[in-house]
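A.B. asks: I am sharing final-v4.txt, which consists of compact mmCIF, C-alpha atoms:
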# COMPACT_ATOMS: atom_id res chain seq x y z
CA MET F 1 133.20 -113.78 -189.66
CA ASN F 2 135.71 -112.11 -187.46
CA TYR F 3 134.40 -108.66 -186.53
CA LYS F 4 136.34 -108.45 -183.25
CA SER F 5 133.33 -106.86 -181.61
CA PRO F 6 130.72 -108.61 -179.48
CA ALA F 7 127.97 -106.76 -181.32
CA TYR F 8 128.91 -108.54 -184.55
CA THR F 9 129.64 -112.02 -183.25
CA THR F 10 125.99 -113.08 -183.51
CA ASN F 11 126.10 -112.79 -187.32
CA ILE F 12 126.59 -116.47 -188.18
CA ARG F 13 124.63 -116.63 -191.44
CA GLY F 14 127.05 -114.56 -193.50
CA ALA F 15 124.67 -111.60 -193.77
CA SER F 16 125.99 -108.12 -194.37
CA PRO F 17 126.73 -106.04 -191.28
CA PRO F 18 124.23 -103.36 -190.22
CA LEU F 19 124.40 -99.88 -191.75
CA SER F 20 125.94 -98.49 -188.55
CA TYR F 21 129.04 -100.65 -189.20
CA TYR F 22 129.89 -98.55 -192.28
CA LEU F 23 129.87 -95.39 -190.18
CA LEU F 24 132.34 -96.64 -187.58
CA PRO F 25 135.48 -94.45 -187.45
CA ARG F 26 137.71 -97.04 -189.12
CA GLN F 27 135.14 -97.81 -191.82
CA ARG F 28 134.27 -94.23 -192.84
CA LEU F 29 137.17 -93.92 -195.27
CA ASP F 30 136.28 -97.22 -196.92
CA THR F 31 132.64 -96.10 -197.13
CA LEU F 32 133.65 -92.80 -198.78
CA LEU F 33 135.87 -94.63 -201.27
CA LEU F 34 133.14 -97.20 -201.97
CA LEU F 35 130.48 -94.56 -202.67
CA HIS F 36 132.91 -92.50 -204.75
CA SER F 37 133.95 -95.49 -206.86
CA LEU F 38 130.39 -96.69 -207.47
CA SER F 39 129.23 -93.21 -208.47
CA SER F 40 132.28 -92.89 -210.75
CA PHE F 41 131.32 -96.13 -212.49
CA ALA F 42 127.74 -94.94 -212.95
CA ILE F 43 128.58 -91.39 -214.11
CA GLY F 44 131.37 -92.60 -216.40
CA THR F 45 129.16 -95.18 -218.06
CA ILE F 46 126.11 -92.95 -218.47
CA GLY F 47 128.17 -90.01 -219.74
CA PHE F 48 130.11 -92.14 -222.22
CA LEU F 49 127.01 -93.84 -223.62
CA THR F 50 124.86 -90.68 -223.77
CA PRO F 51 127.32 -87.80 -224.24
CA THR F 52 124.98 -85.28 -225.85
CA THR F 53 122.23 -85.74 -223.26
CA SER F 54 124.78 -85.63 -220.43
CA ALA F 55 126.41 -82.48 -221.79
CA ASN F 56 123.01 -80.77 -222.10
CA LEU F 57 122.54 -81.19 -218.35
CA PHE F 58 125.60 -79.07 -217.60
CA PHE F 59 126.41 -76.78 -220.54
CA SER F 60 124.57 -74.29 -222.71
CA MET F 61 125.15 -75.25 -226.35
CA GLU F 62 123.77 -73.23 -229.25
CA SER F 63 125.39 -74.54 -232.44
CA SER F 64 126.11 -77.98 -233.88
CA ARG F 65 129.83 -77.27 -233.48
CA GLU F 66 129.37 -76.62 -229.75
CA ILE F 67 127.29 -79.79 -229.44
CA GLY F 68 130.02 -81.83 -231.19
CA LEU F 69 132.71 -80.33 -228.97
CA ALA F 70 130.66 -80.97 -225.84
CA ARG F 71 130.00 -84.56 -226.95
CA ILE F 72 133.68 -85.45 -227.38
CA LEU F 73 134.74 -83.63 -224.20
CA THR F 74 132.00 -85.41 -222.26
CA ARG F 75 133.12 -88.80 -223.59
CA LEU F 76 136.77 -88.09 -222.78
CA PHE F 77 135.96 -86.81 -219.31
CA CYS F 78 133.59 -89.72 -218.57
CA SER F 79 136.26 -92.19 -219.67
CA LEU F 80 138.56 -90.67 -217.06
CA ILE F 81 135.79 -90.74 -214.45
CA PHE F 82 135.16 -94.45 -215.09
CA ALA F 83 138.92 -95.21 -214.90
CA GLN F 84 139.05 -93.22 -211.66
CA GLY F 85 136.36 -95.52 -210.30
CA ILE F 86 138.64 -98.50 -210.96
CA MET F 87 141.54 -96.78 -209.19
CA ILE F 88 139.39 -95.88 -206.19
CA TRP F 89 137.91 -99.38 -205.98
CA THR F 90 141.43 -100.83 -205.97
CA ALA F 91 142.73 -98.23 -203.50
CA ARG F 92 140.23 -99.47 -200.93
CA ARG F 93 142.38 -102.60 -200.52
CA ILE F 94 145.77 -100.88 -200.37
CA ASN F 95 147.34 -101.69 -197.02
CA ASP F 96 150.13 -99.09 -197.19
CA GLY F 97 148.84 -96.10 -195.22
CA GLU F 98 151.16 -93.61 -196.94
CA VAL F 99 150.00 -94.61 -200.42
CA LYS F 100 146.35 -94.44 -199.40
CA ARG F 101 146.91 -91.07 -197.72
CA ALA F 102 148.49 -89.78 -200.96
CA PHE F 103 145.30 -90.79 -202.82
CA ILE F 104 143.18 -88.93 -200.26
CA LYS F 105 145.28 -85.75 -200.39
CA ALA F 106 145.28 -85.78 -204.20
CA TYR F 107 141.50 -86.17 -204.31
CA PHE F 108 141.06 -83.37 -201.78
CA LEU F 109 143.09 -81.00 -203.97
CA CYS F 110 141.40 -82.22 -207.16
CA PHE F 111 137.91 -81.60 -205.82
CA ALA F 112 138.84 -78.33 -204.09
CA PHE F 113 140.18 -76.87 -207.34
CA SER F 114 137.26 -78.33 -209.32
CA THR F 115 134.82 -76.69 -206.91
CA LEU F 116 136.59 -73.34 -207.29
CA ALA F 117 136.62 -73.64 -211.10
CA LEU F 118 132.94 -74.59 -211.35
CA ALA F 119 131.81 -71.97 -208.83
CA GLY F 120 133.88 -69.31 -210.59
CA GLU F 121 132.37 -70.14 -213.99
CA HIS F 122 128.90 -70.28 -212.49
CA MET F 123 129.34 -66.88 -210.78
CA SER F 124 130.80 -65.22 -213.90
CA ASN F 125 127.46 -65.91 -215.60
CA GLN F 126 128.87 -65.99 -219.15
CA GLY F 127 126.36 -68.62 -220.23
CA ILE F 128 128.84 -71.50 -220.56
CA VAL F 129 127.96 -73.44 -217.41
CA ASP F 130 124.24 -74.08 -217.14
CA GLY F 131 122.88 -72.87 -213.82
CA LYS F 132 119.83 -75.06 -213.71
CA PHE F 133 119.33 -77.92 -211.26
CA PHE F 134 122.16 -80.15 -212.56
CA GLY F 135 124.53 -77.20 -212.88
CA VAL F 136 124.07 -76.35 -209.23
CA MET F 137 124.13 -80.03 -208.20
CA LYS F 138 127.58 -80.58 -209.70
CA ILE F 139 128.93 -77.73 -207.56
CA VAL F 140 127.22 -79.19 -204.47
CA VAL F 141 128.64 -82.67 -205.21
CA MET F 142 132.15 -81.25 -205.72
CA MET F 143 131.84 -79.38 -202.42
CA GLY F 144 130.71 -82.59 -200.71
CA LEU F 145 133.66 -84.56 -202.09
CA THR F 146 136.02 -81.73 -201.10
CA CYS F 147 134.67 -81.80 -197.54
CA GLY F 148 134.76 -85.61 -197.36
CA TYR F 149 138.33 -85.93 -198.55
CA GLY F 150 139.33 -82.80 -196.58
CA TRP F 151 138.06 -84.43 -193.39
CA PHE F 152 140.36 -87.41 -193.91
CA THR F 153 143.25 -85.19 -195.05
CA PHE F 154 143.28 -82.86 -192.06
CA PHE F 155 141.33 -84.38 -189.17
CA GLN F 156 141.83 -88.15 -189.14
CA PRO F 157 144.74 -89.97 -187.51
CA PRO F 158 147.04 -92.11 -189.68
CA VAL F 159 145.51 -95.33 -188.30
CA VAL F 160 142.38 -94.89 -190.48
CA TYR F 161 144.49 -95.35 -193.61
CA SER F 162 145.58 -98.89 -192.81
CA LEU F 163 143.54 -102.02 -193.46
CA SER F 164 144.33 -103.64 -190.13
CA GLY F 165 141.00 -102.53 -188.71
CA HIS F 166 138.99 -103.11 -191.87
CA HIS F 167 137.21 -106.26 -192.84
CA SER F 168 136.60 -107.58 -196.33
CA TYR F 169 133.46 -109.37 -197.38
What would the structure in this file look like if it were written as C-alpha cells?

C.D. replies:
Amino acid sequence: MNYKSPAYTTNIRGASPPLSYYLLPRQRLDTLLLLHSLSSFAIGTIGFLTPTTSANLFFSMESSREIGLARILTRLFCSLIFAQGIMIWTARRINDGEVKRAFIKAYFLCFAFSTLALAGEHMSNQGIVDGKFFGVMKIVVMMGLTCGYGWFTFFQPPVVYSLSGHHSY
C-alpha cells in the first residue's frame, strides 16, 4: 500500500486504514460520497420493495386511492434514489475536478431546495407530510446533506475534487 504518510506505512497486511484516515481533508469528500451512495442504495431498495410501508412513514394517507398514489410515487422516487446511488458511487472515481465539482454543486442545490420544500410543507400543517419521527428525520437528513455538500461547494479548495490525493482499495 502506498499511503505516502509514515503513519500508514506500517500497514503491511492489507488491512483497512483507521477511521481517522476517512476524516483527513482530502478524504472527506470521498467519505461523504461513499455514505451518500450506500444510503441511497439502502433507501432505494427498501422503498421499492416495500412502497406502502415506506410511504406510511412519511405521508398521511386516508383512502385507498391515496395509498395507491403514494405507493407508485414511492416506487418511482426510490428507483431514482437507487440510480442516484450508482451515479454517486461512480463519481467517487472521477478524476476530473470540474466534473466532480459540478456533481457537488448540483447536489447542494438539490438538497437545499428539497429541505425548503419539506420544511415548508411540514410548517403549513395541511396534513400531507406526516410530522412524526420519520417526517422530522427526513428534514434533518436533507439539512445534513445540504450542509455537507454546501461545505464542499463553498469552503473547500479545488484540490479536494481531484483523485491525486485519494487512494483506492

A.B. asks: One number please: atom CA of F:Arg75 to atom CA of F:Phe111, in Å, one decimal.

C.D. replies: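 Computed distance, atom CA of F:Arg75 to atom CA of F:Phe111, equals 19.8 Å.
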
A.B. asks: So how far away is atom CA of F:Ala112 from atom CA of F:Gly135, in Å?

C.D. replies: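 One can read the atom CA of F:Gly135 to atom CA of F:Ala112 distance as 16.8 Å.
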
A.B. asks: Which one is closest to F:Trp89: F:Ser20, F:Thr146, F:Ser39, F:Ser162? Count only C-alpha atoms.

C.D. replies: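 Answer, going by the shortest atom-to-atom distance: F:Ser39.
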
A.B. asks: Just the number, please: distance in Å from atom CA of F:Arg92 to atom CA of F:Leu19, one decimal.

C.D. replies: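 These atoms are spaced 18.3 Å apart.
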
A.B. asks: Find the residues near stretch 65-73 of chain F: any atom within 12 Å, counting all atoms listed in the file, skip ones fewer than 2 places away on the same chain, and give them as a count of residues only.

C.D. replies: 25

A.B. asks: Considering only C-alpha atoms, return as a list of chain:residue names whatever protein or nucleic-acid residues lie within 10 Å of F:Thr31, sequence-local ones (same chain, fewer than 6 positions apart) excluded.

C.D. replies: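 So the residues in contact are F:Tyr21, F:Tyr22, F:Leu23, F:Leu24, F:Ser37, F:Arg92.
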
A.B. asks: Name the residues in contact with F:Ala83 at a cut-off of 9 Å, using all atoms listed in the file, excluding same-chain residues fewer than 6 positions from it; report them as a list in words.

C.D. replies: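 Contacts, in chain order: Ser40, Phe41 and Gly44 of chain F.
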
A.B. asks: Identify, on the basis of all atoms listed in the file, every residue whose closest approach to F:Lys138 does not exceed 10 Å; exclude the query and any residue fewer than 3 positions from it along the same chain; express the result as a ChimeraX atom specification.

C.D. replies: /F:58,114-115,118-119,131,133-135,141-144

A.B. asks: List as a count of residues only the protein and nucleic acid residues near F:Trp151, meaning an atom at most 12 Å away when all atoms listed in the file are counted, but skip any in the same chain fewer than 3 places from it.

C.D. replies: 19
